[in-house]
Each structure stands twice: as C-alpha cells, then as structure tokens.
>>> print(open('run-v3.cif').read())   # mmCIF, C-alpha atoms
data_model
loop_
_atom_site.label_atom_id
_atom_site.label_comp_id
_atom_site.auth_asym_id
_atom_site.auth_seq_id
_atom_site.Cartn_x
_atom_site.Cartn_y
_atom_site.Cartn_z
CA MET E 19 2.72 1.42 27.25
CA SER E 20 2.76 -0.04 23.73
CA SER E 21 5.92 0.40 21.66
CA ILE E 22 5.66 2.15 18.29
CA ALA E 23 7.92 1.86 15.23
CA LEU E 24 7.79 4.73 12.76
CA ILE E 25 8.59 3.56 9.21
CA THR E 26 9.12 5.67 6.11
CA THR E 27 10.54 4.95 2.66
CA CYS E 28 12.54 6.98 0.18
CA LYS E 29 13.30 6.79 -3.53
CA GLY E 30 14.22 10.13 -5.06
CA ARG E 31 12.51 12.01 -2.22
CA LEU E 32 15.47 13.14 -0.15
CA HIS E 33 14.31 16.76 -0.58
CA HIS E 34 11.10 15.75 1.23
CA LEU E 35 12.84 13.60 3.82
CA ARG E 36 15.07 16.53 4.81
CA GLU E 37 11.91 18.34 5.90
CA THR E 38 9.96 15.47 7.43
CA LEU E 39 12.49 13.18 9.09
CA PRO E 40 13.50 15.75 11.74
CA LEU E 41 9.82 15.95 12.72
CA MET E 42 9.52 12.16 12.78
CA ALA E 43 12.66 11.76 14.89
CA ALA E 44 11.41 14.40 17.33
CA GLN E 45 8.22 12.44 18.05
CA GLY E 46 9.97 10.04 20.41
CA ALA E 47 8.92 6.77 18.76
CA ASP E 48 10.56 3.63 20.10
CA GLU E 49 12.03 2.97 16.67
CA VAL E 50 12.43 5.01 13.48
CA VAL E 51 13.21 3.12 10.27
CA VAL E 52 14.02 4.62 6.87
CA VAL E 53 13.98 2.29 3.87
CA ASP E 54 16.37 3.54 1.18
CA TYR E 55 14.98 1.85 -1.94
CA GLY E 56 17.95 2.44 -4.23
CA CYS E 57 17.52 6.16 -3.69
CA PRO E 58 19.61 8.06 -6.28
CA ASP E 59 19.99 10.94 -3.81
CA GLY E 60 21.77 8.77 -1.25
CA ALA E 61 19.02 9.05 1.35
CA GLY E 62 20.45 6.26 3.48
CA ASP E 63 23.86 7.92 3.71
CA TRP E 64 22.28 11.24 4.69
CA VAL E 65 20.13 9.59 7.37
CA GLU E 66 23.06 7.70 8.88
CA HIS E 67 25.11 10.89 9.04
CA GLU E 68 22.41 13.21 10.38
CA PHE E 69 20.34 10.78 12.48
CA PRO E 70 22.57 7.97 13.78
CA GLY E 71 19.73 6.69 15.98
CA VAL E 72 17.53 5.98 12.96
CA ARG E 73 17.78 2.49 11.45
CA VAL E 74 18.43 2.42 7.70
CA VAL E 75 17.32 -0.48 5.51
CA ARG E 76 18.73 -0.60 1.98
CA LEU E 77 17.13 -2.32 -1.01
CA THR E 78 19.33 -2.03 -4.10
CA ASP E 79 18.10 -4.72 -6.50
CA ASP E 80 15.20 -2.87 -8.17
CA PRO E 81 15.62 0.05 -10.61
CA GLY E 82 11.97 0.96 -10.08
CA PHE E 83 10.04 1.32 -6.85
CA CYS E 84 7.67 -1.01 -5.00
CA LEU E 85 6.18 0.74 -1.98
CA PRO E 86 4.58 -2.43 -0.54
CA ARG E 87 7.91 -4.26 -0.64
CA ALA E 88 9.70 -1.27 0.93
CA ARG E 89 7.19 -1.01 3.77
CA ASN E 90 7.28 -4.75 4.41
CA ALA E 91 11.08 -4.54 4.66
CA GLY E 92 10.79 -1.69 7.14
CA ALA E 93 8.35 -3.67 9.25
CA ARG E 94 10.68 -6.70 9.31
CA ALA E 95 13.54 -4.47 10.47
CA SER E 96 11.56 -3.30 13.50
CA SER E 97 10.28 -5.07 16.59
CA SER E 98 7.69 -2.72 18.13
CA GLU E 99 4.12 -3.75 18.88
CA TRP E 100 2.67 -1.04 16.64
CA LEU E 101 3.74 -0.09 13.11
CA ALA E 102 3.30 3.50 11.92
CA PHE E 103 3.78 3.75 8.15
CA VAL E 104 4.26 7.39 7.16
CA ASP E 105 5.02 8.71 3.68
CA ALA E 106 8.17 10.79 3.21
CA ASP E 107 6.09 13.86 2.32
CA VAL E 108 4.00 13.79 5.52
CA LYS E 109 4.89 16.10 8.40
CA LEU E 110 4.13 14.77 11.86
CA LEU E 111 3.26 17.72 14.09
CA PRO E 112 3.93 17.98 17.84
CA GLY E 113 1.54 15.81 19.80
CA TRP E 114 0.98 13.19 17.10
CA ILE E 115 2.63 10.30 18.92
CA GLY E 116 1.33 11.55 22.26
CA TRP E 117 -2.21 11.23 20.95
CA LEU E 118 -1.46 7.70 19.75
CA ARG E 119 0.06 6.61 23.04
CA GLY E 120 -3.06 7.79 24.81
CA HIS E 121 -5.56 6.20 22.43
CA LEU E 122 -4.15 3.05 20.79
CA GLU E 123 -6.39 0.03 21.31
CA ASP E 124 -6.04 -3.53 20.07
CA GLY E 125 -8.54 -4.34 17.37
CA ARG E 126 -8.13 -0.99 15.60
CA PHE E 127 -5.99 0.66 12.95
CA TYR E 128 -5.61 4.41 12.68
CA ARG E 129 -5.60 7.00 9.90
CA ALA E 130 -5.86 10.78 9.71
CA SER E 131 -9.48 11.86 9.98
CA ALA E 132 -11.46 13.30 7.10
CA VAL E 133 -11.77 17.08 6.81
CA ALA E 134 -15.18 18.34 5.69
CA GLY E 135 -16.09 14.73 4.94
CA VAL E 136 -13.10 14.05 2.68
CA ARG E 137 -9.85 12.25 3.51
CA ASP E 138 -6.75 14.04 2.25
CA LEU E 139 -5.22 12.09 -0.63
CA GLU E 140 -1.76 13.02 0.65
CA THR E 141 -2.25 11.30 4.02
CA PHE E 142 -4.54 8.48 2.86
CA GLY E 143 -1.70 5.96 2.64
CA SER E 144 -0.21 6.66 6.07
CA VAL E 145 -1.49 4.25 8.71
CA VAL E 146 -0.83 2.95 12.23
CA CYS E 147 -1.68 -0.71 12.89
CA PRO E 148 -0.83 -3.52 15.33
CA ARG E 149 2.15 -5.62 14.24
CA ARG E 150 0.29 -8.83 15.08
CA ALA E 151 -2.56 -7.97 12.72
CA PHE E 152 -0.17 -6.77 10.01
CA GLU E 153 1.72 -10.06 10.14
CA THR E 154 -1.50 -12.10 10.29
CA ILE E 155 -2.64 -10.74 6.92
CA GLY E 156 0.84 -11.01 5.39
CA GLY E 157 1.62 -7.30 5.28
CA TYR E 158 1.33 -5.26 2.11
CA ASP E 159 0.75 -7.03 -1.19
CA ASP E 160 4.17 -6.64 -2.77
CA ALA E 161 2.93 -7.81 -6.15
CA MET E 162 1.41 -4.34 -6.50
CA ARG E 163 3.47 -1.72 -8.30
CA GLY E 164 2.39 1.75 -9.31
CA TRP E 165 0.95 4.65 -7.39
CA GLY E 166 -1.97 3.79 -5.14
CA GLY E 167 -4.19 0.82 -4.36
CA GLU E 168 -1.92 -0.98 -1.89
CA ASP E 169 -3.34 1.13 0.93
CA VAL E 170 -6.96 0.27 0.11
CA ASP E 171 -5.99 -3.40 -0.09
CA LEU E 172 -4.28 -3.31 3.31
CA TYR E 173 -7.20 -1.52 4.99
CA THR E 174 -9.68 -3.97 3.46
CA ARG E 175 -7.76 -6.99 4.73
CA LEU E 176 -7.29 -5.49 8.20
CA SER E 177 -11.04 -4.87 8.33
CA GLN E 178 -11.75 -8.43 7.19
CA ILE E 179 -10.00 -9.84 10.25
CA GLY E 180 -12.07 -7.62 12.51
CA LEU E 181 -10.04 -4.44 13.00
CA ALA E 182 -11.96 -1.16 13.16
CA ASP E 183 -10.88 1.72 10.90
CA THR E 184 -10.33 4.53 13.43
CA ASP E 185 -9.42 8.20 13.07
CA TYR E 186 -6.77 10.29 14.72
CA PRO E 187 -7.08 14.09 14.38
CA ALA E 188 -5.98 15.30 10.95
CA SER E 189 -4.74 18.47 12.66
CA LEU E 190 -1.76 16.45 13.94
CA VAL E 191 -0.29 16.03 10.44
CA ASP E 192 0.60 18.27 7.53
CA VAL E 193 1.84 17.46 4.04
CA ILE E 194 4.24 18.71 1.41
CA ARG E 195 2.12 19.36 -1.68
CA HIS E 196 3.61 18.34 -5.02
CA GLY E 197 2.69 17.16 -8.49
CA ASP E 198 2.04 13.72 -9.92
CA ASP E 199 5.41 13.72 -11.66
CA GLN E 200 7.05 12.96 -8.32
CA ARG E 201 4.43 10.36 -7.42
CA THR E 202 4.82 8.39 -10.63
CA ARG E 203 8.49 8.99 -11.43
CA TRP E 204 9.59 5.42 -10.75
CA TYR E 205 6.50 3.69 -12.14
CA GLU E 206 5.76 2.39 -15.62
CA ILE E 207 2.25 3.87 -15.64
CA LYS E 208 2.29 7.66 -15.31
CA ASP E 209 -1.46 8.23 -15.60
CA ARG E 210 -2.87 8.06 -12.06
CA ARG E 211 -6.39 7.32 -13.21
CA LEU E 212 -5.25 4.43 -15.40
CA GLN E 213 -3.20 3.08 -12.50
CA ASP E 214 -6.30 3.25 -10.31
CA VAL E 215 -8.18 1.15 -12.86
CA VAL E 216 -5.35 -1.42 -12.99
CA SER E 217 -5.06 -1.63 -9.20
CA HIS E 218 -8.75 -1.95 -8.46
CA CYS E 219 -9.40 -4.45 -11.27
CA TYR E 220 -6.52 -6.51 -9.88
CA LEU E 221 -7.94 -6.34 -6.37
CA ALA E 222 -11.33 -7.48 -7.67
CA ALA E 223 -9.72 -10.38 -9.54
CA LYS E 224 -7.65 -11.30 -6.48
CA SER E 225 -10.80 -11.39 -4.38
CA GLN E 226 -12.40 -13.79 -6.86
CA LEU E 227 -9.34 -16.04 -6.85
CA LEU E 228 -9.23 -16.12 -3.05
CA ALA E 229 -12.90 -17.09 -2.95
CA PHE E 230 -12.25 -19.81 -5.54
CA ARG E 231 -9.39 -21.26 -3.52
CA GLY E 232 -11.36 -21.25 -0.30
CA PRO E 233 -10.63 -20.28 3.33
CA GLY E 234 -7.08 -20.53 4.60
CA GLN E 235 -5.55 -20.69 1.12
CA PRO E 236 -3.39 -17.58 0.64
CA LEU E 237 -2.09 -16.58 -2.77
CA GLU E 238 1.64 -16.94 -3.29
CA LEU E 239 3.57 -13.91 -4.56
CA GLU E 240 4.18 -15.64 -7.89
CA VAL E 241 0.43 -16.16 -8.37
CA ARG E 242 -0.37 -12.55 -7.44
CA ALA E 243 2.36 -11.24 -9.73
CA ARG E 244 0.92 -13.21 -12.66
CA LEU E 245 -2.57 -11.96 -11.88
CA ILE E 246 -1.60 -8.30 -11.79
CA GLU E 247 0.47 -8.68 -14.96
CA GLN E 248 -2.52 -10.29 -16.67
CA THR E 249 -4.66 -7.36 -15.55
CA ARG E 250 -2.11 -4.79 -16.71
CA ARG E 251 -1.69 -6.50 -20.07
CA GLN E 252 -5.43 -6.57 -20.76
CA LEU E 253 -5.69 -2.85 -19.99
CA ALA E 254 -2.57 -1.82 -21.90
CA ALA E 255 -4.25 -1.56 -25.30
CA TRP E 256 -6.99 0.67 -23.89
CA ASN E 257 -4.54 2.87 -21.97
CA GLY E 258 -7.32 4.93 -20.40
CA ASP E 259 -8.41 6.42 -23.74
CA GLU E 260 -12.11 7.25 -23.39
CA SER E 261 -12.50 7.53 -27.16
CA GLU E 262 -11.81 3.79 -27.39
CA PRO E 263 -14.25 1.02 -26.40
CA LEU E 264 -14.13 0.39 -22.67
CA PRO E 265 -12.31 -2.84 -21.81
CA VAL E 266 -13.70 -6.14 -20.61
CA LEU E 267 -11.15 -8.18 -18.67
CA LYS E 268 -11.41 -11.97 -18.84
CA TYR E 269 -9.99 -14.45 -16.35
CA THR E 270 -9.96 -18.24 -16.10
CA MET E 271 -9.21 -20.08 -12.87
CA ALA E 272 -8.59 -23.79 -12.50
CA GLY E 273 -8.21 -26.04 -9.49
CA GLY E 274 -8.98 -29.41 -8.05
CA GLY E 275 -10.63 -31.05 -5.08
CA TRP E 276 -10.92 -34.32 -3.20
CA LEU E 277 -13.10 -37.20 -4.38
CA PRO E 278 -12.94 -40.83 -3.24
CA PRO E 279 -10.74 -43.08 -5.41
CA PRO E 280 -10.69 -43.69 -8.27
CA PHE E 281 -12.17 -40.25 -9.02
CA VAL E 282 -10.53 -36.84 -9.25
CA MET E 283 -12.18 -33.43 -9.19
CA ARG E 284 -11.31 -30.72 -11.73
CA ARG E 285 -12.71 -27.23 -11.21
CA GLN E 286 -12.70 -24.30 -13.60
CA VAL E 287 -14.38 -20.94 -13.43
CA GLN E 288 -14.37 -18.03 -15.85
CA PHE E 289 -15.37 -14.49 -14.99
CA THR E 290 -15.16 -11.00 -16.45
CA ILE E 291 -14.52 -7.56 -15.04
CA ARG E 292 -16.16 -4.88 -17.13
CA VAL E 293 -15.03 -1.25 -17.12
CA GLU E 294 -18.07 0.96 -17.60
CA ARG E 295 -18.60 4.70 -17.54
CA ARG E 296 -20.59 6.17 -14.68
CA ARG E 297 -23.71 7.85 -15.99
CA ASP E 298 -23.28 10.86 -13.71
CA VAL E 299 -19.76 11.66 -14.99
CA LYS E 300 -19.12 13.15 -18.41
CA PRO E 301 -16.25 11.75 -20.51
CA ALA E 302 -12.95 13.65 -20.32
CA ARG E 303 -12.15 15.82 -23.34
#
>>> encode(input="run-v3.cif", output="structure tokens")
Amino acid sequence: MSSIALITTCKGRLHHLRETLPLMAAQGADEVVVVDYGCPDGAGDWVEHEFPGVRVVRLTDDPGFCLPRARNAGARASSSEWLAFVDADVKLLPGWIGWLRGHLEDGRFYRASAVAGVRDLETFGSVVCPRRAFETIGGYDDAMRGWGGEDVDLYTRLSQIGLADTDYPASLVDVIRHGDDQRTRWYEIKDRRLQDVVSHCYLAAKSQLLAFRGPGQPLELEVRARLIEQTRRQLAAWNGDESEPLPVLKYTMAGGGWLPPPFVMRRQVQFTIRVERRRDVKPAR
C-alpha cells in the first residue's frame, strides 16, 4: 500500500486550522505536516501541543506569505510516496483517505471532482500527486507570490510529463467559506482579478522563455523571480482599471548557441502579451 503525506500550511489561519487539523489527523495518513509560515497566531506551537504526532516545519524569514515555498518545504520534510497538499480551510471528511488508498495509480494526480460541471474554487488548489513526479518537475514555482495561479502551473507541468488529471469524489471534502480579505491578507496585490492577470501573464511569459531555452533547460529561481517582477511592474500602472487602456506587456530574451570556431551565435527574441477584453463580457462599472 502506498504511503501518503498530508501537508497543510498556515499563516494567520489558526482559526481555520483548529477546525480542519483534527479532521486531517483523524484520516490516518502516514505523515501529517503543518508548515507554520511565520504565523502570528502561533500555529506551530498550538499544533505541537495538541497534536504531538504531527510534524511542524517553521519558516520565519518572510513577513509576507509564499504558498509555493511553504508547500515545497512541507514536501521536503516528508518521505511518503504520495503528497497530499490540502489548504487549511478544507475539511477532509471520513472516507477521504480510504478512497485514495483504494484508487491511487501511478501516472495520475487527483483533485476534488467538479459539481454541476464546475470545480469549487475553495478546493481547486488542493491536490494529491506522486512524490516522484512532483520532484521531477521541481515542485511548486516558488517565484510566484499572490493568491492563485501556482496550482494551475503545477497541474499544467504534471500533465506535460504525462500524468492524467483525475477526480476523487467532491463529497469527501467540505470547506470553510470566507472572504477575500483572508485570502489576500499577506499579499501585496489585494484585487484577486488583477492577481489572476499577473499570474497568467507570467505563466505565458515563462512558457515562452522555456521554449526559447530549449528542452532540458530549467529556469533558475532568480530568472523566474525577475520575470514575474517584470510582469508585475508592467501591470502596476494599469492596476486592473478598465477605464484605462488595456496593457501590452513587452519582453526581450537573449541567448547564445554553438557555432564552429571562430564564430559565435547570438540569439534574441522579442514578444508581447496583450491584455484584451472578451467581447462577451461587459466592462465592470
């Protein structure tokens, strides 16, 4: 039977963790890891006192919050064959891990199924995937900060190496509903829609840069951090204001290549990402 590590993170969400961690611990996972990301509520202390069998990882060097970095740290602190990343506001109901133990297959990753054709936004970012695949793609992109986008990026990269996006019954999970103020509390950008634009423009630019570099040439964290900062900076003046002209993001990429001596190859490509309004959606007022 495959081993499963259950990983959750906390920054200012101890009130949620008090409700959800007992349900997580009751599942019977091989490992449970809580990443206390400088939580002002002292989540790590509470976990160690109430759940001594749960492993606590502490990250204290960042006044903000980086979910990808937190989840990567949780994965490194575990050793199980499968990694189950679950948000602190998600309730795992009885039978959740039993279903997984009976259905997990290599070559797949698992998310809560859609209900009436729509995936619940609250459970969209919770995923179960094989450790080997997670490590092959380098885990979450920890250059990404802000609410959302890191999940889409992870699922895309898992799919690109051949894993099938597979459902588990949505009836096995529940969520604590709450407002965007809690989602964006530790992020610079508070507007979720603007953050979506930043994240997805960055992912598009990253895809272009990966294609430019060629197969087997991953992007270092420093390069990704510069790319997302460049994206954020170009969108800052617009700030999601639909009364202003929609932005056009411009990027330049340079590189080299082999040529026989005495020659040297210099490559450069420029591309744009244009933000346009969908014709079937009216502007916000």
>>> resolve_selection(input="run-v3.cif", expression="the PyMOL selection byres ((chain E and resi 141-152) around 9)", output="ChimeraX atom specification")
/E:22,24,93,97-105,107-108,118,123-130,137-140,153-158,166,168-170,172-173,176,179,181,188,191-193
>>> resolve_selection(input="run-v3.cif", expression="the PyMOL selection byres ((chain E and resi 266-269) around 12)", output="count of residues only")
36
>>> resolve_selection(input="run-v3.cif", expression="the PyMOL selection byres ((chain E and resi 31-34) around 8)", output="ChimeraX atom specification")
/E:28-30,35-38,57,59-61,106-107,194
>>> atom_distance(input="run-v3.cif", atom1="CA of Leu111 in chain E", atom2="CA of Ala47 in chain E")
13.2 Å
>>> axis_aligned_box(input="run-v3.cif", around="range 26-31 of chain E", padding_each_side="6 Å", output="AutoDock Vina command-line options")
--center_x 11.7 --center_y 8.5 --center_z 0.5 --size_x 17.1 --size_y 19.1 --size_z 23.2
>>> atom_distance(input="run-v3.cif", atom1="CA of Ala229 in chain E", atom2="CA of Pro86 in chain E")
22.9 Å
>>> closest_residue(input="run-v3.cif", among="E:Pro279, E:Gly82, E:Gly232, E:Gly274", to="Arg163 in chain E", atoms="all atoms listed in the file")
E:Gly82
>>> atom_distance(input="run-v3.cif", atom1="CA of Thr184 in chain E", atom2="CA of Met19 in chain E")
19.3 Å
>>> residues_near_point(input="run-v3.cif", point="(7.8, 1.5, 3.8)", cutoff="8 Å", atoms="all atoms listed in the file", output="ChimeraX atom specification")
/E:25-27,52-53,85-93,103-105
>>> residues_around(input="run-v3.cif", residues="Leu190 in chain E", least_positions_apart="3", cutoff="7 Å", atoms="all atoms listed in the file", output="compact mmCIF listing (two decimals) with C-alpha atoms, in the frame of the given file")
# COMPACT_ATOMS: atom_id res chain seq x y z
CA LEU E 110 4.13 14.77 11.86
CA LEU E 111 3.26 17.72 14.09
CA GLY E 113 1.54 15.81 19.80
CA TRP E 114 0.98 13.19 17.10
CA PRO E 187 -7.08 14.09 14.38
>>> closest_residue(input="run-v3.cif", among="E:Arg295, E:Arg210, E:His67, E:Arg201", to="Glu262 in chain E", atoms="only C-alpha atoms")
E:Arg295
>>> closest_residue(input="run-v3.cif", among="E:Val51, E:Val241, E:Val72, E:Leu277", to="Ala23 in chain E", atoms="only C-alpha atoms")
E:Val51
>>> closest_residue(input="run-v3.cif", among="E:Pro112, E:Gly62, E:Gly180, E:Gly71", to="Gln45 in chain E", atoms="only C-alpha atoms")
E:Pro112
>>> residues_near_point(input="run-v3.cif", point="(17.2, -0.8, -7.2)", cutoff="10 Å", atoms="all atoms listed in the file", output="ChimeraX atom specification")
/E:29,54-58,76-84
>>> closest_residue(input="run-v3.cif", among="E:Val75, E:Arg195, E:Gly167, E:Met162", to="Arg211 in chain E", atoms="only C-alpha atoms")
E:Gly167
>>> decode(input="run-v3.cif", residues="range 54-73 of chain E", atoms="N, CA and C atoms", output="PDB file, in the first residue's frame")
ATOM      1  N   ASP E  54       4.269  26.154   9.456  1.00  0.00           N
ATOM      2  CA  ASP E  54       3.989  27.436  10.107  1.00  0.00           C
ATOM      3  C   ASP E  54       4.867  28.478   9.425  1.00  0.00           C
ATOM      4  N   TYR E  55       4.237  29.303   8.579  1.00  0.00           N
ATOM      5  CA  TYR E  55       4.977  30.288   7.786  1.00  0.00           C
ATOM      6  C   TYR E  55       4.951  31.626   8.537  1.00  0.00           C
ATOM      7  N   GLY E  56       5.690  31.680   9.638  1.00  0.00           N
ATOM      8  CA  GLY E  56       5.701  32.902  10.437  1.00  0.00           C
ATOM      9  C   GLY E  56       4.318  33.282  10.911  1.00  0.00           C
ATOM     10  N   CYS E  57       3.525  32.298  11.284  1.00  0.00           N
ATOM     11  CA  CYS E  57       2.128  32.542  11.643  1.00  0.00           C
ATOM     12  C   CYS E  57       2.043  33.410  12.901  1.00  0.00           C
ATOM     13  N   PRO E  58       1.378  34.564  12.833  1.00  0.00           N
ATOM     14  CA  PRO E  58       1.299  35.435  14.009  1.00  0.00           C
ATOM     15  C   PRO E  58       0.450  34.852  15.127  1.00  0.00           C
ATOM     16  N   ASP E  59      -0.341  33.838  14.820  1.00  0.00           N
ATOM     17  CA  ASP E  59      -1.190  33.197  15.827  1.00  0.00           C
ATOM     18  C   ASP E  59      -0.476  32.068  16.563  1.00  0.00           C
ATOM     19  N   GLY E  60       0.773  31.795  16.198  1.00  0.00           N
ATOM     20  CA  GLY E  60       1.497  30.711  16.847  1.00  0.00           C
ATOM     21  C   GLY E  60       0.959  29.343  16.496  1.00  0.00           C
ATOM     22  N   ALA E  61       0.657  29.134  15.214  1.00  0.00           N
ATOM     23  CA  ALA E  61       0.073  27.861  14.784  1.00  0.00           C
ATOM     24  C   ALA E  61       0.973  26.683  15.135  1.00  0.00           C
ATOM     25  N   GLY E  62       2.270  26.837  14.922  1.00  0.00           N
ATOM     26  CA  GLY E  62       3.184  25.732  15.192  1.00  0.00           C
ATOM     27  C   GLY E  62       3.166  25.305  16.647  1.00  0.00           C
ATOM     28  N   ASP E  63       3.135  26.281  17.554  1.00  0.00           N
ATOM     29  CA  ASP E  63       3.087  25.956  18.983  1.00  0.00           C
ATOM     30  C   ASP E  63       1.803  25.202  19.321  1.00  0.00           C
ATOM     31  N   TRP E  64       0.688  25.670  18.769  1.00  0.00           N
ATOM     32  CA  TRP E  64      -0.595  25.007  19.034  1.00  0.00           C
ATOM     33  C   TRP E  64      -0.584  23.574  18.519  1.00  0.00           C
ATOM     34  N   VAL E  65      -0.064  23.378  17.308  1.00  0.00           N
ATOM     35  CA  VAL E  65      -0.022  22.030  16.728  1.00  0.00           C
ATOM     36  C   VAL E  65       0.836  21.111  17.589  1.00  0.00           C
ATOM     37  N   GLU E  66       2.012  21.571  17.972  1.00  0.00           N
ATOM     38  CA  GLU E  66       2.906  20.728  18.774  1.00  0.00           C
ATOM     39  C   GLU E  66       2.278  20.352  20.115  1.00  0.00           C
ATOM     40  N   HIS E  67       1.487  21.247  20.679  1.00  0.00           N
ATOM     41  CA  HIS E  67       0.848  20.964  21.967  1.00  0.00           C
ATOM     42  C   HIS E  67      -0.329  20.020  21.816  1.00  0.00           C
ATOM     43  N   GLU E  68      -1.156  20.248  20.791  1.00  0.00           N
ATOM     44  CA  GLU E  68      -2.397  19.485  20.635  1.00  0.00           C
ATOM     45  C   GLU E  68      -2.213  18.205  19.823  1.00  0.00           C
ATOM     46  N   PHE E  69      -1.254  18.198  18.906  1.00  0.00           N
ATOM     47  CA  PHE E  69      -1.060  17.045  18.016  1.00  0.00           C
ATOM     48  C   PHE E  69       0.429  16.705  17.948  1.00  0.00           C
ATOM     49  N   PRO E  70       0.962  16.100  18.992  1.00  0.00           N
ATOM     50  CA  PRO E  70       2.407  15.823  19.026  1.00  0.00           C
ATOM     51  C   PRO E  70       2.881  14.893  17.917  1.00  0.00           C
ATOM     52  N   GLY E  71       1.975  14.152  17.297  1.00  0.00           N
ATOM     53  CA  GLY E  71       2.375  13.269  16.204  1.00  0.00           C
ATOM     54  C   GLY E  71       2.474  13.961  14.860  1.00  0.00           C
ATOM     55  N   VAL E  72       2.075  15.220  14.805  1.00  0.00           N
ATOM     56  CA  VAL E  72       2.137  15.996  13.561  1.00  0.00           C
ATOM     57  C   VAL E  72       3.477  16.728  13.490  1.00  0.00           C
ATOM     58  N   ARG E  73       4.132  16.647  12.352  1.00  0.00           N
ATOM     59  CA  ARG E  73       5.424  17.318  12.173  1.00  0.00           C
ATOM     60  C   ARG E  73       5.193  18.793  11.840  1.00  0.00           C
TER      61      ARG E  73
END
